[in-house]
Amino acid sequence: MPPASPSTARALNDRLALRLLQHEGPLTAGQLKTLTGLSRPTVADLVERLQGSGLIHVVGEAGAERRGPNARVYGIVADQAHLAAVDVRMNSVAVVVADLLGTTLAEAAAPIDAAGGIENAVGQAVGLVERTAREAGATRLHSVGVGAPGLVDPTTGELRDSSGLPAWHRRLVVALQERLPATVLVANETNLAATAERRYGAARDHDTFVLVWLSLGIGAAVVLDGSVRRGASGGAGELGFLPVPGTNGLPSAGSCDGGFHSLCGSPAIMELGAEHGLSVPEGADLHEPPAAALVRAAVAAGTPGADAFLDALATRLALGAASVAAVLDPGCIVLGGETGHAGGPDLAARVQDRLAPLSPVRTEVRASTLGGAAILSGALLAAQQAAQDALFPSGT
């Protein structure tokens with residue numbers, strides 16, 4: 001391979017410095033020299049270039065004992081771009097607006113009333129994004145990451161028509177692209193959650209793992225060698241359709257009834273709780289799936305009935321986990337979503353104990369540390385990546 005041209009080398013050095021400033025925070029030129037391994041003149045040149053392009057600025061000094069040019073502390077100009085993350089649920093939308101460094105500037109959530117038709121529902125959702133952006137002081141959004149249930153076409157990047165999902169979901173992505181002067185990226189919510197768990201949460205030390213998403217429904221995200229694998233049609237991880245023993249039938253192409261969803265979806269967990277004399281406690285958070293509140297209460301109770309319920313749920317979850325382990329050998333399964341987060345280490349340990357006799361490969365089971373918030377975090381990471389790809393030097 002021929003050596004990089006001077007312009008390409010400069011762009012690569014600039015991008016490396018920007019990544020360090022993003023992940024390590026403000027740094028002096030001396031610290032950049034140490035972390036990059038570049039010479040002092042090269043670092044001085046790149047600092048001058050990045051300042052001239054408006055990407056970095058001086059944010060302070062390292063201290064009185066280090067006076068001079070190298071004592072200046074440089075940081076990324078955070079308001080160079082404003083980003084938005086959108087979490088689209090069955091009947092609600094949550095929004096976060098942040099700067100280029102991912103610092104939250106404003107956030108909001110609201111139910112969506114679809115009774116007035118698709119366009120009315122879409123108007124409510126887009127209006128929430130626009131109002132949140134104004135509250136954040138963002139006159140223009142650079143990139144918007146959208147997490148939604150269902151399949152995303154890996155070729156077009158569009159949300160595909162899916163049975164059982166509101167019709168306004170698909171129209172929302174188009175409306176955001178039409179009404180916002182921004183790059184709009186849509187991804188499956190579980191895949192975004194896995195990205196966030198790997199960056200901030202339970203899978204920070206794993207390049208290969210599977211996130212099992214336990215919320216109103218069930219899904220999974222497959223991360224192999226650091227990359228989310230979406231499958232040929234975007235359908236990798238549709239765990240709710242997995243045929244498993246213990247149901248009254250088999251799933252079909254249009255319905256996950258009879259599949260793993262019938263054992264561990266929110267309605268099934270509620271029925272299992274009722275069989276053990278448990279119900280959602282009064283005062284539970286109405287914004288989370290009832291199964292999450294039920295599981296959280298059972299973990300806290302520590303009664304024989306609660307323990308029996310958690311053991312039965314863990315036995316069911318182990319069936320799906322065993323299939324995942326047998327096919328992918330991920331080494332680690334993270335129980336995510338609101339219900340996985342609510343079960344915490346207690347439920348994860350029970351699942352791991354029941355998985356071990358079912359699988360020939362050793363698989364650790366962990367609880368999510370982010371829960372439902374992982375979708376917004378992952379969507380913001382997607383928007384941040386898109387903005388940085390556009391703004392940071394590429395050498396092309």
# chains A, B, ... in the order shown; residues from 1 in each chain; ligands from 1
$ residues_around --residues "region 99-111 of chain A" --least-positions-apart "4" --cutoff "8 Å" --atoms "only C-alpha atoms" --output "PyMOL selection string"
chain A and resi 22+76-83+91-95+128+132-133+135-136+380-381+384+387-388
$ write_last_selection --atoms "N, CA and C atoms" --output "PDB file, in the first residue's frame"
ATOM      1  N   GLN A  22     -12.854  14.440  22.044  1.00  0.00           N
ATOM      2  CA  GLN A  22     -14.229  14.022  22.314  1.00  0.00           C
ATOM      3  C   GLN A  22     -14.299  13.071  23.501  1.00  0.00           C
ATOM      4  N   ILE A  76     -13.348  20.796  21.970  1.00  0.00           N
ATOM      5  CA  ILE A  76     -14.199  20.869  20.774  1.00  0.00           C
ATOM      6  C   ILE A  76     -15.244  21.963  20.968  1.00  0.00           C
ATOM      7  N   VAL A  77     -15.532  22.702  19.919  1.00  0.00           N
ATOM      8  CA  VAL A  77     -16.589  23.716  19.952  1.00  0.00           C
ATOM      9  C   VAL A  77     -17.917  22.965  19.924  1.00  0.00           C
ATOM     10  N   ALA A  78     -18.523  22.845  21.079  1.00  0.00           N
ATOM     11  CA  ALA A  78     -19.683  21.962  21.229  1.00  0.00           C
ATOM     12  C   ALA A  78     -20.901  22.441  20.444  1.00  0.00           C
ATOM     13  N   ASP A  79     -21.048  23.760  20.272  1.00  0.00           N
ATOM     14  CA  ASP A  79     -22.216  24.260  19.557  1.00  0.00           C
ATOM     15  C   ASP A  79     -21.984  24.362  18.055  1.00  0.00           C
ATOM     16  N   GLN A  80     -20.926  23.705  17.580  1.00  0.00           N
ATOM     17  CA  GLN A  80     -20.683  23.627  16.140  1.00  0.00           C
ATOM     18  C   GLN A  80     -21.850  22.927  15.444  1.00  0.00           C
ATOM     19  N   ALA A  81     -22.531  22.031  16.155  1.00  0.00           N
ATOM     20  CA  ALA A  81     -23.698  21.335  15.608  1.00  0.00           C
ATOM     21  C   ALA A  81     -24.616  20.932  16.744  1.00  0.00           C
ATOM     22  N   HIS A  82     -25.909  20.966  16.470  1.00  0.00           N
ATOM     23  CA  HIS A  82     -26.900  20.483  17.430  1.00  0.00           C
ATOM     24  C   HIS A  82     -27.512  19.192  16.906  1.00  0.00           C
ATOM     25  N   LEU A  83     -27.748  18.274  17.822  1.00  0.00           N
ATOM     26  CA  LEU A  83     -28.209  16.935  17.482  1.00  0.00           C
ATOM     27  C   LEU A  83     -29.520  16.645  18.202  1.00  0.00           C
ATOM     28  N   ASN A  91     -47.116   4.320  21.388  1.00  0.00           N
ATOM     29  CA  ASN A  91     -48.072   5.426  21.495  1.00  0.00           C
ATOM     30  C   ASN A  91     -47.465   6.669  22.124  1.00  0.00           C
ATOM     31  N   SER A  92     -46.151   6.840  21.996  1.00  0.00           N
ATOM     32  CA  SER A  92     -45.503   8.005  22.587  1.00  0.00           C
ATOM     33  C   SER A  92     -44.180   8.270  21.880  1.00  0.00           C
ATOM     34  N   VAL A  93     -43.646   9.451  22.145  1.00  0.00           N
ATOM     35  CA  VAL A  93     -42.351   9.848  21.583  1.00  0.00           C
ATOM     36  C   VAL A  93     -41.567  10.566  22.671  1.00  0.00           C
ATOM     37  N   ALA A  94     -40.265  10.288  22.759  1.00  0.00           N
ATOM     38  CA  ALA A  94     -39.363  11.006  23.655  1.00  0.00           C
ATOM     39  C   ALA A  94     -38.256  11.623  22.810  1.00  0.00           C
ATOM     40  N   VAL A  95     -37.806  12.820  23.209  1.00  0.00           N
ATOM     41  CA  VAL A  95     -36.827  13.566  22.424  1.00  0.00           C
ATOM     42  C   VAL A  95     -35.745  14.110  23.347  1.00  0.00           C
ATOM     43  N   LEU A 128     -43.203  18.054  18.650  1.00  0.00           N
ATOM     44  CA  LEU A 128     -42.455  17.869  19.891  1.00  0.00           C
ATOM     45  C   LEU A 128     -40.959  18.013  19.638  1.00  0.00           C
ATOM     46  N   THR A 132     -38.718  21.092  21.264  1.00  0.00           N
ATOM     47  CA  THR A 132     -37.567  20.745  22.109  1.00  0.00           C
ATOM     48  C   THR A 132     -36.299  21.377  21.564  1.00  0.00           C
ATOM     49  N   ALA A 133     -36.164  21.412  20.244  1.00  0.00           N
ATOM     50  CA  ALA A 133     -35.001  22.061  19.636  1.00  0.00           C
ATOM     51  C   ALA A 133     -34.983  23.543  19.946  1.00  0.00           C
ATOM     52  N   GLU A 135     -36.343  25.010  22.528  1.00  0.00           N
ATOM     53  CA  GLU A 135     -36.033  25.145  23.957  1.00  0.00           C
ATOM     54  C   GLU A 135     -34.535  25.015  24.202  1.00  0.00           C
ATOM     55  N   ALA A 136     -33.863  24.195  23.388  1.00  0.00           N
ATOM     56  CA  ALA A 136     -32.424  24.005  23.530  1.00  0.00           C
ATOM     57  C   ALA A 136     -31.617  25.129  22.897  1.00  0.00           C
ATOM     58  N   LEU A 380     -28.771   9.096  20.071  1.00  0.00           N
ATOM     59  CA  LEU A 380     -27.910  10.278  20.145  1.00  0.00           C
ATOM     60  C   LEU A 380     -26.498   9.945  19.659  1.00  0.00           C
ATOM     61  N   LEU A 381     -26.010   8.757  19.986  1.00  0.00           N
ATOM     62  CA  LEU A 381     -24.703   8.335  19.483  1.00  0.00           C
ATOM     63  C   LEU A 381     -24.702   8.266  17.953  1.00  0.00           C
ATOM     64  N   GLN A 384     -24.635  11.812  16.671  1.00  0.00           N
ATOM     65  CA  GLN A 384     -23.310  12.374  16.937  1.00  0.00           C
ATOM     66  C   GLN A 384     -22.292  11.860  15.927  1.00  0.00           C
ATOM     67  N   ALA A 387     -22.838  13.555  12.545  1.00  0.00           N
ATOM     68  CA  ALA A 387     -22.363  14.943  12.542  1.00  0.00           C
ATOM     69  C   ALA A 387     -20.841  14.985  12.492  1.00  0.00           C
ATOM     70  N   GLN A 388     -20.201  14.134  13.256  1.00  0.00           N
ATOM     71  CA  GLN A 388     -18.739  14.136  13.271  1.00  0.00           C
ATOM     72  C   GLN A 388     -18.167  13.667  11.938  1.00  0.00           C
TER      73      GLN A 388
END
$ residues_around --residues "Ala203 (chain A)" --least-positions-apart "5" --cutoff "12 Å" --atoms "only C-alpha atoms" --output "ChimeraX atom specification"
/A:193-198,208-211,223,226,330-336,364-370
$ select_by_dssp --residues "region 149-382 of chain A" --states "strand (DSSP E or B)" --output "ChimeraX atom specification"
/A:152,159,183-188,209-214,218-224,227-229,243,252,255,259,332-336,364-367
$ write_last_selection --atoms "C-alpha atoms" --output "mmCIF file, in the first residue's frame"
data_model
loop_
_atom_site.group_PDB
_atom_site.id
_atom_site.type_symbol
_atom_site.label_atom_id
_atom_site.label_comp_id
_atom_site.auth_asym_id
_atom_site.auth_seq_id
_atom_site.Cartn_x
_atom_site.Cartn_y
_atom_site.Cartn_z
ATOM 1 C CA VAL A 152 -35.256 -1.055 9.041
ATOM 2 C CA LEU A 159 -38.573 1.848 8.316
ATOM 3 C CA THR A 183 -29.718 14.365 8.315
ATOM 4 C CA VAL A 184 -32.291 11.903 9.668
ATOM 5 C CA LEU A 185 -31.138 8.369 10.487
ATOM 6 C CA VAL A 186 -33.539 5.651 11.564
ATOM 7 C CA ALA A 187 -32.529 2.396 13.230
ATOM 8 C CA ASN A 188 -34.187 -0.433 15.072
ATOM 9 C CA PHE A 209 -22.611 -9.962 22.985
ATOM 10 C CA VAL A 210 -26.371 -10.191 22.489
ATOM 11 C CA LEU A 211 -28.809 -7.750 24.026
ATOM 12 C CA VAL A 212 -32.174 -9.372 24.770
ATOM 13 C CA TRP A 213 -34.704 -6.543 24.862
ATOM 14 C CA LEU A 214 -37.549 -7.089 27.353
ATOM 15 C CA ILE A 218 -39.227 -8.876 22.851
ATOM 16 C CA GLY A 219 -36.324 -8.325 20.522
ATOM 17 C CA ALA A 220 -32.589 -8.807 20.408
ATOM 18 C CA ALA A 221 -29.524 -7.052 19.052
ATOM 19 C CA VAL A 222 -26.528 -9.032 17.864
ATOM 20 C CA VAL A 223 -23.099 -7.414 18.283
ATOM 21 C CA LEU A 224 -20.208 -9.393 16.802
ATOM 22 C CA SER A 227 -20.404 -4.341 14.962
ATOM 23 C CA VAL A 228 -24.193 -4.554 15.152
ATOM 24 C CA ARG A 229 -25.304 -7.249 12.710
ATOM 25 C CA PRO A 243 -40.312 -21.133 18.360
ATOM 26 C CA SER A 252 -46.279 -17.172 11.915
ATOM 27 C CA SER A 255 -47.518 -12.761 14.280
ATOM 28 C CA GLY A 259 -43.225 -17.761 19.845
ATOM 29 C CA CYS A 332 -22.417 -12.558 27.158
ATOM 30 C CA ILE A 333 -26.154 -11.892 27.085
ATOM 31 C CA VAL A 334 -27.472 -8.607 28.452
ATOM 32 C CA LEU A 335 -31.072 -8.509 29.675
ATOM 33 C CA GLY A 336 -32.144 -5.065 28.517
ATOM 34 C CA GLU A 364 -22.536 -14.871 31.184
ATOM 35 C CA VAL A 365 -25.877 -13.149 31.733
ATOM 36 C CA ARG A 366 -25.897 -9.533 32.840
ATOM 37 C CA ALA A 367 -28.575 -6.964 33.565
#
$ select_by_dssp --residues "region 121-230 of chain A" --states "alpha helix (DSSP H)" --output "ChimeraX atom specification"
/A:121-135,168-179,189-200
$ atom_distance --atom1 "CA of Ser215 (chain A)" --atom2 "CA of Gly372 (chain A)"
8.1 Å
$ atom_distance --atom1 "CA of Val244 (chain A)" --atom2 "CA of Leu328 (chain A)"
17.1 Å
$ atom_distance --atom1 "CA of Arg72 (chain A)" --atom2 "CA of Pro26 (chain A)"
9.7 Å
$ residues_around --residues "region 291-306 of chain A" --least-positions-apart "4" --cutoff "7 Å" --atoms "only C-alpha atoms" --output "list in words"
Ser266, Ile269, Met270, His276, Ser279, Val280, Ala284, Leu310, Glu338, Thr339, Ala342 and Gly343 of chain A
$ residues_around --residues "region 353-358 of chain A" --least-positions-apart "3" --cutoff "12 Å" --atoms "only C-alpha atoms" --output "tab-separated table (two decimals) with N, CA, C and O atoms, in the first residue's frame"
chain	number	residue	atom	x	y	z
A	310	LEU	N	-39.98	-15.23	40.07
A	310	LEU	CA	-38.71	-14.90	39.40
A	310	LEU	C	-38.02	-16.15	38.87
A	310	LEU	O	-37.42	-16.14	37.79
A	311	ASP	N	-38.12	-17.26	39.63
A	311	ASP	CA	-37.53	-18.51	39.16
A	311	ASP	C	-38.24	-18.99	37.89
A	311	ASP	O	-37.60	-19.46	36.94
A	312	ALA	N	-39.57	-18.89	37.88
A	312	ALA	CA	-40.33	-19.33	36.71
A	312	ALA	C	-40.02	-18.45	35.49
A	312	ALA	O	-39.88	-18.94	34.37
A	313	LEU	N	-39.91	-17.16	35.73
A	313	LEU	CA	-39.58	-16.24	34.64
A	313	LEU	C	-38.17	-16.52	34.11
A	313	LEU	O	-37.93	-16.55	32.90
A	314	ALA	N	-37.23	-16.77	35.02
A	314	ALA	CA	-35.86	-17.07	34.61
A	314	ALA	C	-35.80	-18.35	33.79
A	314	ALA	O	-35.03	-18.44	32.82
A	315	THR	N	-36.61	-19.34	34.14
A	315	THR	CA	-36.65	-20.58	33.37
A	315	THR	C	-37.12	-20.32	31.95
A	315	THR	O	-36.59	-20.88	30.98
A	316	ARG	N	-38.12	-19.46	31.81
A	316	ARG	CA	-38.60	-19.10	30.48
A	316	ARG	C	-37.54	-18.34	29.69
A	316	ARG	O	-37.28	-18.64	28.52
A	317	LEU	N	-36.92	-17.37	30.32
A	317	LEU	CA	-35.90	-16.57	29.63
A	317	LEU	C	-34.71	-17.43	29.21
A	317	LEU	O	-34.10	-17.18	28.16
A	318	ALA	N	-34.40	-18.43	30.00
A	318	ALA	CA	-33.27	-19.30	29.69
A	318	ALA	C	-33.49	-20.08	28.39
A	318	ALA	O	-32.53	-20.42	27.69
A	319	LEU	N	-34.75	-20.34	28.03
A	319	LEU	CA	-35.04	-21.04	26.78
A	319	LEU	C	-34.58	-20.21	25.59
A	319	LEU	O	-33.93	-20.70	24.67
A	320	GLY	N	-34.93	-18.94	25.59
A	320	GLY	CA	-34.50	-18.06	24.51
A	320	GLY	C	-33.00	-17.85	24.54
A	320	GLY	O	-32.33	-17.84	23.49
A	321	ALA	N	-32.46	-17.67	25.74
A	321	ALA	CA	-31.01	-17.46	25.87
A	321	ALA	C	-30.23	-18.67	25.38
A	321	ALA	O	-29.16	-18.53	24.77
A	322	ALA	N	-30.74	-19.88	25.60
A	322	ALA	CA	-30.06	-21.09	25.16
A	322	ALA	C	-29.99	-21.15	23.64
A	322	ALA	O	-28.98	-21.57	23.07
A	323	SER	N	-31.06	-20.73	22.97
A	323	SER	CA	-31.05	-20.72	21.50
A	323	SER	C	-30.03	-19.71	20.99
A	323	SER	O	-29.29	-19.98	20.04
A	324	VAL	N	-30.00	-18.54	21.61
A	324	VAL	CA	-29.02	-17.51	21.22
A	324	VAL	C	-27.61	-18.04	21.42
A	324	VAL	O	-26.74	-17.88	20.54
A	325	ALA	N	-27.36	-18.67	22.55
A	325	ALA	CA	-26.01	-19.17	22.85
A	325	ALA	C	-25.60	-20.27	21.88
A	325	ALA	O	-24.46	-20.32	21.42
A	326	ALA	N	-26.53	-21.16	21.54
A	326	ALA	CA	-26.21	-22.29	20.67
A	326	ALA	C	-25.87	-21.82	19.26
A	326	ALA	O	-25.01	-22.40	18.59
A	331	GLY	N	-20.95	-15.32	24.36
A	331	GLY	CA	-20.18	-15.18	25.59
A	331	GLY	C	-20.86	-14.35	26.65
A	331	GLY	O	-20.64	-14.54	27.84
A	332	CYS	N	-21.72	-13.44	26.21
A	332	CYS	CA	-22.42	-12.56	27.16
A	332	CYS	C	-23.79	-12.21	26.59
A	332	CYS	O	-23.92	-11.86	25.41
A	333	ILE	N	-24.80	-12.33	27.42
A	333	ILE	CA	-26.15	-11.89	27.09
A	333	ILE	C	-26.56	-10.83	28.10
A	333	ILE	O	-26.44	-11.04	29.31
A	346	ASP	N	-30.25	-9.76	40.15
A	346	ASP	CA	-30.98	-10.91	40.72
A	346	ASP	C	-31.55	-11.78	39.62
A	346	ASP	O	-31.30	-13.00	39.56
A	347	LEU	N	-32.33	-11.17	38.71
A	347	LEU	CA	-32.93	-11.95	37.63
A	347	LEU	C	-31.86	-12.49	36.69
A	347	LEU	O	-31.94	-13.64	36.24
A	348	ALA	N	-30.83	-11.69	36.40
A	348	ALA	CA	-29.76	-12.14	35.50
A	348	ALA	C	-29.07	-13.38	36.05
A	348	ALA	O	-28.76	-14.32	35.30
A	349	ALA	N	-28.82	-13.40	37.36
A	349	ALA	CA	-28.16	-14.56	37.98
A	349	ALA	C	-29.04	-15.80	37.89
A	349	ALA	O	-28.55	-16.92	37.64
A	350	ARG	N	-30.33	-15.62	38.07
A	350	ARG	CA	-31.25	-16.77	37.98
A	350	ARG	C	-31.26	-17.33	36.55
A	350	ARG	O	-31.29	-18.55	36.35
A	361	VAL	N	-21.94	-24.02	25.65
A	361	VAL	CA	-20.97	-22.92	25.70
A	361	VAL	C	-21.27	-22.05	26.92
A	361	VAL	O	-22.42	-21.78	27.27
A	362	ARG	N	-20.19	-21.61	27.56
A	362	ARG	CA	-20.35	-20.79	28.75
A	362	ARG	C	-20.83	-19.39	28.35
A	362	ARG	O	-20.24	-18.75	27.48
A	363	THR	N	-21.89	-18.96	28.97
A	363	THR	CA	-22.47	-17.66	28.62
A	363	THR	C	-22.81	-16.90	29.90
A	363	THR	O	-23.59	-17.38	30.73
A	364	GLU	N	-22.22	-15.73	30.05
A	364	GLU	CA	-22.54	-14.87	31.18
A	364	GLU	C	-23.81	-14.09	30.89
A	364	GLU	O	-24.03	-13.65	29.76
A	365	VAL	N	-24.65	-13.93	31.88
A	365	VAL	CA	-25.88	-13.15	31.73
A	365	VAL	C	-25.79	-11.95	32.65
A	365	VAL	O	-25.54	-12.08	33.85
A	366	ARG	N	-25.97	-10.78	32.08
A	366	ARG	CA	-25.90	-9.53	32.84
A	366	ARG	C	-27.19	-8.75	32.69
A	366	ARG	O	-27.92	-8.90	31.71
$ closest_residue --among "A:Ser394, A:Pro149, A:Gly340, A:Pro289" --to "Leu18 (chain A)" --atoms "only C-alpha atoms"
A:Ser394
$ residues_around --residues "Thr36 (chain A)" --least-positions-apart "4" --cutoff "12 Å" --atoms "only C-alpha atoms" --output "PyMOL selection string"
chain A and resi 12-21+27+29-32+40+42-43+46
$ closest_residue --among "A:Pro181, A:Gly37, A:Gly265, A:Gly116" --to "Ala138 (chain A)" --atoms "only C-alpha atoms"
A:Pro181
$ residues_around --residues "Val173 (chain A)" --least-positions-apart "2" --cutoff "8 Å" --atoms "only C-alpha atoms" --output "PDB file with C-alpha atoms, in the first residue's frame"
ATOM      1  CA  VAL A 146     -34.481   7.923  15.412  1.00  0.00           C
ATOM      2  CA  GLU A 158     -36.203   3.233   5.706  1.00  0.00           C
ATOM      3  CA  LEU A 159     -38.573   1.848   8.316  1.00  0.00           C
ATOM      4  CA  HIS A 169     -44.417   5.376  12.681  1.00  0.00           C
ATOM      5  CA  ARG A 170     -43.318   4.986   9.067  1.00  0.00           C
ATOM      6  CA  ARG A 171     -44.735   8.342   8.013  1.00  0.00           C
ATOM      7  CA  ALA A 175     -41.988  13.903   7.777  1.00  0.00           C
ATOM      8  CA  LEU A 176     -38.847  14.557   9.811  1.00  0.00           C
ATOM      9  CA  GLN A 177     -36.779  14.393   6.617  1.00  0.00           C
ATOM     10  CA  VAL A 184     -32.291  11.903   9.668  1.00  0.00           C
ATOM     11  CA  VAL A 186     -33.539   5.651  11.564  1.00  0.00           C
TER      12      VAL A 186
END
